[in-house]
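Below is the file upload-v7.json, which contains JSON, C-alpha atoms.
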[["chain", "number", "residue", "atom", "x", "y", "z"],
["A", 170, "MET", "CA", -25.32, 13.77, 3.68],
["A", 171, "ALA", "CA", -22.45, 15.64, 5.35],
["A", 172, "ASN", "CA", -19.02, 14.11, 5.04],
["A", 173, "PRO", "CA", -17.53, 13.48, 8.51],
["A", 174, "LEU", "CA", -14.08, 14.52, 7.28],
["A", 175, "ASP", "CA", -15.43, 18.05, 6.74],
["A", 176, "ASP", "CA", -15.45, 18.42, 10.53],
["A", 177, "PRO", "CA", -11.90, 19.43, 11.60],
["A", 178, "THR", "CA", -12.50, 18.13, 15.13],
["A", 179, "VAL", "CA", -12.97, 14.50, 14.10],
["A", 180, "ASP", "CA", -10.13, 11.98, 14.13],
["A", 181, "PRO", "CA", -9.53, 11.00, 10.47],
["A", 182, "PHE", "CA", -8.10, 7.65, 11.54],
["A", 183, "GLU", "CA", -11.31, 6.86, 13.43],
["A", 184, "ILE", "CA", -13.32, 7.60, 10.27],
["A", 185, "ALA", "CA", -10.94, 5.32, 8.31],
["A", 186, "LYS", "CA", -11.51, 2.59, 10.91],
["A", 187, "GLN", "CA", -15.29, 2.98, 10.59],
["A", 188, "ALA", "CA", -15.00, 2.85, 6.80],
["A", 189, "ALA", "CA", -12.91, -0.32, 6.99],
["A", 190, "GLU", "CA", -15.47, -1.96, 9.26],
["A", 191, "ILE", "CA", -18.28, -1.19, 6.83],
["A", 192, "ILE", "CA", -16.24, -2.50, 3.89],
["A", 193, "ALA", "CA", -15.62, -5.72, 5.82],
["A", 194, "THR", "CA", -19.33, -6.06, 6.58],
["A", 195, "LYS", "CA", -20.55, -5.30, 3.06],
["A", 196, "SER", "CA", -17.90, -7.40, 1.32],
["A", 197, "GLY", "CA", -17.69, -10.27, 3.81],
["A", 198, "VAL", "CA", -13.88, -9.95, 3.63],
["A", 199, "ALA", "CA", -12.30, -9.50, 7.04],
["A", 200, "LYS", "CA", -8.88, -8.45, 5.74],
["A", 201, "HIS", "CA", -7.61, -7.02, 2.47],
["A", 202, "ASP", "CA", -3.96, -7.50, 1.55],
["A", 203, "ILE", "CA", -3.35, -5.10, -1.33],
["A", 204, "ALA", "CA", -5.04, -1.79, -2.16],
["A", 205, "LEU", "CA", -5.15, -0.01, -5.51],
["A", 206, "THR", "CA", -6.10, 3.48, -6.57],
["A", 207, "LEU", "CA", -6.62, 3.39, -10.32],
["A", 208, "GLY", "CA", -6.13, 6.68, -12.16],
["A", 209, "SER", "CA", -6.69, 7.65, -15.78],
["A", 210, "GLY", "CA", -6.13, 4.67, -18.07],
["A", 211, "TRP", "CA", -5.69, 2.07, -15.35],
["A", 212, "ALA", "CA", -9.28, 1.20, -14.37],
["A", 213, "LYS", "CA", -9.65, -2.00, -16.42],
["A", 214, "ALA", "CA", -6.98, -3.68, -14.30],
["A", 215, "ALA", "CA", -9.69, -4.25, -11.68],
["A", 216, "ASP", "CA", -11.48, -6.56, -14.12],
["A", 217, "LEU", "CA", -8.36, -8.64, -14.78],
["A", 218, "ILE", "CA", -6.85, -9.36, -11.38],
["A", 219, "GLY", "CA", -9.46, -11.68, -9.91],
["A", 220, "GLU", "CA", -13.09, -12.25, -9.03],
["A", 221, "THR", "CA", -15.09, -9.30, -7.70],
["A", 222, "VAL", "CA", -16.60, -10.20, -4.33],
["A", 223, "ALA", "CA", -18.38, -6.89, -3.75],
["A", 224, "SER", "CA", -18.80, -3.52, -5.44],
["A", 225, "ILE", "CA", -19.89, -0.82, -3.02],
["A", 226, "PRO", "CA", -21.00, 2.73, -3.94],
["A", 227, "ALA", "CA", -18.39, 5.00, -2.42],
["A", 228, "ASP", "CA", -20.87, 7.38, -0.82],
["A", 229, "GLU", "CA", -22.22, 4.50, 1.30],
["A", 230, "ILE", "CA", -18.89, 4.39, 3.16],
["A", 231, "PRO", "CA", -17.95, 7.09, 5.72],
["A", 232, "GLY", "CA", -15.52, 9.68, 4.44],
["A", 233, "PHE", "CA", -15.80, 8.84, 0.71],
["A", 234, "ARG", "CA", -17.37, 10.94, -2.02],
["A", 235, "LYS", "CA", -18.45, 10.18, -5.56],
["A", 236, "SER", "CA", -15.66, 10.93, -8.01],
["A", 237, "GLN", "CA", -15.90, 14.39, -9.56],
["A", 238, "VAL", "CA", -13.60, 13.59, -12.49],
["A", 239, "VAL", "CA", -14.88, 12.37, -15.86],
["A", 240, "GLY", "CA", -13.46, 8.93, -16.53],
["A", 241, "HIS", "CA", -13.16, 7.92, -12.86],
["A", 242, "VAL", "CA", -15.52, 5.46, -11.18],
["A", 243, "SER", "CA", -17.20, 5.90, -7.80],
["A", 244, "THR", "CA", -17.11, 2.44, -6.29],
["A", 245, "ILE", "CA", -15.05, 0.50, -3.78],
["A", 246, "ARG", "CA", -14.43, -3.06, -4.99],
["A", 247, "SER", "CA", -13.30, -6.10, -3.07],
["A", 248, "ILE", "CA", -11.58, -8.63, -5.33],
["A", 249, "ALA", "CA", -10.48, -12.19, -4.57],
["A", 250, "LEU", "CA", -7.08, -12.81, -6.13],
["A", 251, "PRO", "CA", -6.10, -16.24, -7.49],
["A", 252, "ASN", "CA", -3.44, -16.61, -4.77],
["A", 253, "GLY", "CA", -6.04, -16.44, -2.00],
["A", 254, "LYS", "CA", -5.39, -12.82, -1.09],
["A", 255, "TYR", "CA", -7.83, -9.95, -1.42],
["A", 256, "ALA", "CA", -7.43, -6.62, -3.19],
["A", 257, "LEU", "CA", -9.31, -3.43, -2.37],
["A", 258, "VAL", "CA", -9.81, -1.20, -5.41],
["A", 259, "LEU", "CA", -10.48, 2.41, -4.46],
["A", 260, "GLY", "CA", -12.35, 3.89, -7.41],
["A", 261, "ALA", "CA", -13.49, 7.07, -5.68],
["A", 262, "ARG", "CA", -10.42, 9.29, -5.63],
["A", 263, "THR", "CA", -10.77, 12.76, -4.14],
["A", 264, "HIS", "CA", -8.31, 15.25, -5.63],
["A", 265, "PHE", "CA", -6.74, 18.12, -3.72],
["A", 266, "TYR", "CA", -8.03, 20.63, -6.28],
["A", 267, "GLU", "CA", -11.62, 19.82, -5.31],
["A", 268, "GLY", "CA", -11.11, 22.03, -2.29],
["A", 269, "HIS", "CA", -12.06, 19.65, 0.52],
["A", 270, "GLY", "CA", -8.62, 19.70, 2.14],
["A", 271, "VAL", "CA", -6.02, 16.96, 2.51],
["A", 272, "ARG", "CA", -7.92, 14.55, 4.76],
["A", 273, "PRO", "CA", -10.40, 13.40, 2.07],
["A", 274, "VAL", "CA", -7.55, 13.08, -0.44],
["A", 275, "VAL", "CA", -5.79, 10.48, 1.69],
["A", 276, "HIS", "CA", -8.86, 8.86, 3.24],
["A", 277, "GLY", "CA", -8.74, 5.93, 0.82],
["A", 278, "VAL", "CA", -5.16, 5.16, 1.76],
["A", 279, "ARG", "CA", -5.91, 5.31, 5.47],
["A", 280, "THR", "CA", -8.98, 3.14, 4.99],
["A", 281, "ALA", "CA", -6.90, 0.61, 3.05],
["A", 282, "ALA", "CA", -4.44, 0.42, 5.94],
["A", 283, "ALA", "CA", -7.35, -0.05, 8.36],
["A", 284, "THR", "CA", -8.62, -3.00, 6.29],
["A", 285, "GLY", "CA", -5.28, -4.71, 6.87],
["A", 286, "ALA", "CA", -3.59, -3.92, 3.56],
["A", 287, "GLU", "CA", 0.20, -4.02, 3.52],
["A", 288, "MET", "CA", 0.79, -2.72, -0.01],
["A", 289, "MET", "CA", -0.62, 0.34, -1.77],
["A", 290, "ILE", "CA", -0.53, 0.67, -5.55],
["A", 291, "LEU", "CA", -1.04, 4.25, -6.71],
["A", 292, "THR", "CA", -1.57, 5.01, -10.39],
["A", 293, "ASN", "CA", -2.25, 8.14, -12.37],
["A", 294, "GLY", "CA", -2.24, 9.81, -15.75],
["A", 295, "ALA", "CA", 0.51, 12.41, -16.03],
["A", 296, "GLY", "CA", 2.22, 14.84, -18.33],
["A", 297, "GLY", "CA", 5.59, 13.60, -19.48],
["A", 298, "ILE", "CA", 8.69, 15.77, -19.60],
["A", 299, "LYS", "CA", 10.88, 13.21, -21.34],
["A", 300, "THR", "CA", 10.30, 13.50, -25.08],
["A", 301, "SER", "CA", 11.20, 9.81, -25.49],
["A", 302, "TRP", "CA", 7.97, 8.87, -23.72],
["A", 303, "ALA", "CA", 5.28, 8.63, -26.36],
["A", 304, "PRO", "CA", 1.68, 9.16, -25.18],
["A", 305, "GLY", "CA", 0.56, 5.91, -23.57],
["A", 306, "THR", "CA", 3.92, 5.03, -21.99],
["A", 307, "PRO", "CA", 3.71, 3.47, -18.47],
["A", 308, "VAL", "CA", 6.40, 4.71, -16.09],
["A", 309, "LEU", "CA", 7.40, 3.50, -12.62],
["A", 310, "ILE", "CA", 7.52, 6.30, -10.05],
["A", 311, "SER", "CA", 10.90, 6.26, -8.31],
["A", 312, "ASP", "CA", 10.36, 9.36, -6.15],
["A", 313, "HIS", "CA", 8.22, 12.46, -5.99],
["A", 314, "ILE", "CA", 8.31, 16.21, -5.43],
["A", 315, "ASN", "CA", 5.32, 17.50, -3.47],
["A", 316, "ASN", "CA", 4.53, 20.93, -4.90],
["A", 317, "THR", "CA", 1.17, 21.32, -3.17],
["A", 318, "ALA", "CA", 2.46, 23.19, -0.09],
["A", 319, "ALA", "CA", 0.47, 20.69, 2.01],
["A", 320, "SER", "CA", 0.98, 17.44, 3.89],
["A", 321, "PRO", "CA", -1.41, 14.75, 5.10],
["A", 322, "ILE", "CA", 0.61, 14.42, 8.31],
["A", 323, "GLU", "CA", -0.71, 16.44, 11.21],
["A", 324, "GLY", "CA", 1.32, 17.42, 14.24],
["A", 325, "ALA", "CA", 4.89, 16.53, 15.15],
["A", 326, "ASN", "CA", 4.94, 13.18, 13.37],
["A", 327, "PHE", "CA", 8.21, 13.13, 11.45],
["A", 328, "VAL", "CA", 7.93, 10.43, 8.78],
["A", 329, "ASP", "CA", 10.96, 9.27, 6.80],
["A", 330, "LEU", "CA", 10.25, 9.22, 3.06],
["A", 331, "THR", "CA", 13.47, 7.52, 1.95],
["A", 332, "ASP", "CA", 12.59, 4.77, -0.55],
["A", 333, "LEU", "CA", 8.95, 5.86, -0.36],
["A", 334, "TYR", "CA", 8.33, 4.16, -3.71],
["A", 335, "SER", "CA", 9.54, 0.67, -2.94],
["A", 336, "LYS", "CA", 12.54, -0.50, -4.95],
["A", 337, "ARG", "CA", 11.52, -4.08, -4.15],
["A", 338, "LEU", "CA", 8.16, -3.58, -5.82],
["A", 339, "ARG", "CA", 9.68, -1.72, -8.77],
["A", 340, "ASP", "CA", 12.06, -4.65, -9.29],
["A", 341, "ILE", "CA", 9.11, -7.07, -9.29],
["A", 342, "ALA", "CA", 7.36, -4.88, -11.88],
["A", 343, "ARG", "CA", 10.41, -5.09, -14.12],
["A", 344, "THR", "CA", 10.28, -8.89, -14.03],
["A", 345, "VAL", "CA", 6.98, -8.49, -15.88],
["A", 346, "ASP", "CA", 8.26, -5.84, -18.29],
["A", 347, "SER", "CA", 12.00, -5.21, -18.31],
["A", 348, "SER", "CA", 11.54, -2.18, -20.56],
["A", 349, "LEU", "CA", 9.69, -0.17, -17.90],
["A", 350, "ASP", "CA", 11.38, 3.19, -17.38],
["A", 351, "GLU", "CA", 11.15, 5.15, -14.15],
["A", 352, "GLY", "CA", 11.00, 8.79, -13.18],
["A", 353, "VAL", "CA", 10.30, 11.40, -10.52],
["A", 354, "TYR", "CA", 6.70, 12.59, -10.30],
["A", 355, "MET", "CA", 5.82, 16.14, -9.27],
["A", 356, "GLN", "CA", 2.37, 16.86, -7.87],
["A", 357, "PHE", "CA", 0.89, 20.29, -8.52],
["A", 358, "ARG", "CA", -2.29, 21.54, -6.87],
["A", 359, "GLY", "CA", -4.33, 21.90, -10.10],
["A", 360, "PRO", "CA", -6.97, 21.86, -11.48],
["A", 361, "HIS", "CA", -5.35, 24.01, -14.16],
["A", 362, "TYR", "CA", -2.56, 22.41, -16.14],
["A", 363, "GLU", "CA", 0.98, 23.56, -15.50],
["A", 364, "THR", "CA", 2.38, 26.48, -17.48],
["A", 365, "PRO", "CA", 5.37, 25.88, -19.76],
["A", 366, "ALA", "CA", 7.51, 27.79, -17.25],
["A", 367, "GLU", "CA", 6.31, 25.58, -14.41],
["A", 368, "VAL", "CA", 7.13, 22.49, -16.46],
["A", 369, "GLN", "CA", 10.64, 23.84, -17.03],
["A", 370, "MET", "CA", 10.93, 24.49, -13.29],
["A", 371, "ALA", "CA", 9.85, 20.90, -12.62],
["A", 372, "LYS", "CA", 12.45, 19.65, -15.09],
["A", 373, "ALA", "CA", 15.15, 21.81, -13.51],
["A", 374, "VAL", "CA", 14.51, 20.38, -10.04],
["A", 375, "GLY", "CA", 14.55, 16.79, -11.27],
["A", 376, "ALA", "CA", 10.98, 15.87, -12.21],
["A", 377, "HIS", "CA", 10.09, 13.74, -15.21],
["A", 378, "LEU", "CA", 6.31, 13.64, -14.77],
["A", 379, "VAL", "CA", 3.77, 16.25, -13.66],
["A", 380, "GLY", "CA", 0.25, 15.69, -12.38],
["A", 381, "MET", "CA", -2.37, 16.49, -9.75],
["A", 382, "SER", "CA", -2.49, 13.42, -7.49],
["A", 383, "THR", "CA", -0.46, 10.64, -5.84],
["A", 384, "ALA", "CA", 2.21, 12.42, -3.77],
["A", 385, "LEU", "CA", -0.06, 13.27, -0.83],
["A", 386, "GLU", "CA", -1.51, 9.75, -0.94],
["A", 387, "ALA", "CA", 1.97, 8.20, -1.00],
["A", 388, "ILE", "CA", 3.02, 10.21, 2.06],
["A", 389, "ALA", "CA", -0.08, 9.06, 3.94],
["A", 390, "ALA", "CA", 0.60, 5.48, 2.86],
["A", 391, "ARG", "CA", 4.13, 5.58, 4.25],
["A", 392, "ALA", "CA", 2.86, 7.14, 7.47],
["A", 393, "SER", "CA", 0.37, 4.25, 7.74],
["A", 394, "GLY", "CA", 3.08, 1.63, 7.23],
["A", 395, "LEU", "CA", 2.15, 0.62, 3.68],
["A", 396, "GLU", "CA", 4.68, -0.39, 1.02],
["A", 397, "VAL", "CA", 4.06, 1.75, -2.06],
["A", 398, "LEU", "CA", 4.23, 1.02, -5.77],
["A", 399, "GLY", "CA", 3.59, 4.03, -8.01],
["A", 400, "LEU", "CA", 2.85, 3.93, -11.74],
["A", 401, "SER", "CA", 2.17, 6.83, -14.09],
["A", 402, "LEU", "CA", 0.71, 6.66, -17.55],
["A", 403, "SER", "CA", 2.41, 9.39, -19.53],
["A", 404, "THR", "CA", -0.72, 10.45, -21.41],
["A", 405, "ASN", "CA", 0.80, 13.47, -23.15],
["A", 406, "LEU", "CA", 3.86, 15.66, -23.29],
["A", 407, "ALA", "CA", 3.65, 18.43, -20.69],
["A", 408, "ALA", "CA", 2.91, 22.07, -21.50],
["A", 409, "GLY", "CA", 5.59, 23.78, -23.53],
["A", 410, "ILE", "CA", 7.05, 20.44, -24.54],
["A", 411, "SER", "CA", 3.89, 19.42, -26.38],
["A", 412, "ALA", "CA", 3.38, 21.27, -29.65],
["A", 413, "THR", "CA", -0.37, 21.51, -28.99],
["A", 414, "PRO", "CA", -2.46, 22.89, -26.10],
["A", 415, "LEU", "CA", -3.39, 20.43, -23.36],
["A", 416, "SER", "CA", -6.91, 19.14, -22.75],
["A", 417, "HIS", "CA", -8.59, 16.62, -20.48],
["A", 418, "THR", "CA", -10.12, 15.08, -23.61],
["A", 419, "GLU", "CA", -6.61, 14.31, -24.84],
["A", 420, "VAL", "CA", -5.73, 12.71, -21.51],
["A", 421, "LEU", "CA", -8.86, 10.54, -21.60],
["A", 422, "ALA", "CA", -8.22, 9.53, -25.21],
["A", 423, "ALA", "CA", -4.62, 8.52, -24.49],
["A", 424, "GLY", "CA", -5.72, 6.61, -21.41],
["A", 425, "LYS", "CA", -8.45, 4.77, -23.30],
["A", 426, "GLU", "CA", -6.05, 3.79, -26.08],
["A", 427, "ALA", "CA", -3.46, 2.49, -23.61],
["A", 428, "GLU", "CA", -5.94, 0.97, -21.16],
["A", 429, "PRO", "CA", -5.99, -2.65, -22.38],
["A", 430, "ARG", "CA", -2.19, -2.82, -22.51],
["A", 431, "ILE", "CA", -1.36, -1.11, -19.22],
["A", 432, "SER", "CA", -4.21, -2.78, -17.32],
["A", 433, "ALA", "CA", -2.89, -6.18, -18.39],
["A", 434, "LEU", "CA", 0.59, -5.10, -17.31],
["A", 435, "LEU", "CA", -0.66, -4.06, -13.88],
["A", 436, "ALA", "CA", -2.62, -7.30, -13.50],
["A", 437, "GLU", "CA", 0.54, -9.31, -14.22],
["A", 438, "ILE", "CA", 2.48, -7.29, -11.67],
["A", 439, "ILE", "CA", -0.18, -7.84, -9.02],
["A", 440, "ALA", "CA", -0.08, -11.58, -9.70],
["A", 441, "LYS", "CA", 3.56, -11.56, -8.59],
["A", 442, "LEU", "CA", 3.08, -9.63, -5.36]]

For the file at hand, write its structure as structure tokens.
Amino acid sequence: MANPLDDPTVDPFEIAKQAAEIIATKSGVAKHDIALTLGSGWAKAADLIGETVASIPADEIPGFRKSQVVGHVSTIRSIALPNGKYALVLGARTHFYEGHGVRPVVHGVRTAAATGAEMMILTNGAGGIKTSWAPGTPVLISDHINNTAASPIEGANFVDLTDLYSKRLRDIARTVDSSLDEGVYMQFRGPHYETPAEVQMAKAVGAHLVGMSTALEAIAARASGLEVLGLSLSTNLAAGISATPLSHTEVLAAGKEAEPRISALLAEIIAKL
């Protein structure tokens, strides 16, 4: 089945609205309050935050695709939180390197906004530049550098990105774990890992984490009026800082080892939102 977002003439916000309507119908939840995109190592948080009301295959919802990345799920879950609110867990993340353009990358965020969500939690696995971050260290994202040469915003819509990653939400996260460090995340296009020289460039311009997601989604979230909390799992030291070559297997292994701990951390944070 053709994805409607592949047609450049369609309105992506209309597709997001249609997707939100189908999620409401299939889940029986008229409004979701919080949305989560769970990257490498973070997926188990969905099992800890509340009771799953519905789990919907992503390709049954307009604009979504099955995940193409090993270790990522391909479902959209509606979860009833203990406080009476509802969370929408977006398991089907489309990455920019898949070559479908920016619209599918940010479709989940726009759909979340259309379901009524007011907060967007974006997580990822990333390469760490700080040598003090051992593999498996969770890090709050304080800001980002978008190195993709793309933007989800179309036309003359000038969106302010000051405090894009909410200080209020970062402060709440630190009430759960006061030891949480924070850093600047730099998104590269991928799918290849960064070269050692590119990592040194990222370090020179102020980045502490490098990866292949999140920044474009965060921009779209701000443009849609969502408050954003970003969390990276530093799965490995970045190229040139690590003494060994990088591999996706290493990323998955680090994520799996850290998953119980960081998923519980995220669940505790969500309980306070």

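Distance check against Arg339 of chain A using all atoms listed in the file: of A:Ala281, A:Ala171, A:Leu442, A:Ile431, the minimum falls on A:Leu442.
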
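Of the residues under consideration (A:Leu395, A:Ala423, A:Val258, A:Ala185), A:Ala185 shows the shortest atom-to-atom contact distance to His276 of chain A when counting only C-alpha atoms.
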
(message) With distances taken over only C-alpha atoms, which residue among A:Gly424, A:Gly399, A:Pro414, A:Gly210 lies nearest Arg337 of chain A?
(response) A:Gly399

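Nearest to Phe182 of chain A of all the residues A:Ala204, A:Ala261, A:Ala389, A:Val353 is A:Ala389, based on only C-alpha atoms.
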
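For the residues A:Ile245, A:Leu259, A:Ile191, A:Val308, ranking by smallest atom-to-atom distance to Leu349 of chain A using only C-alpha atoms places A:Val308 first.
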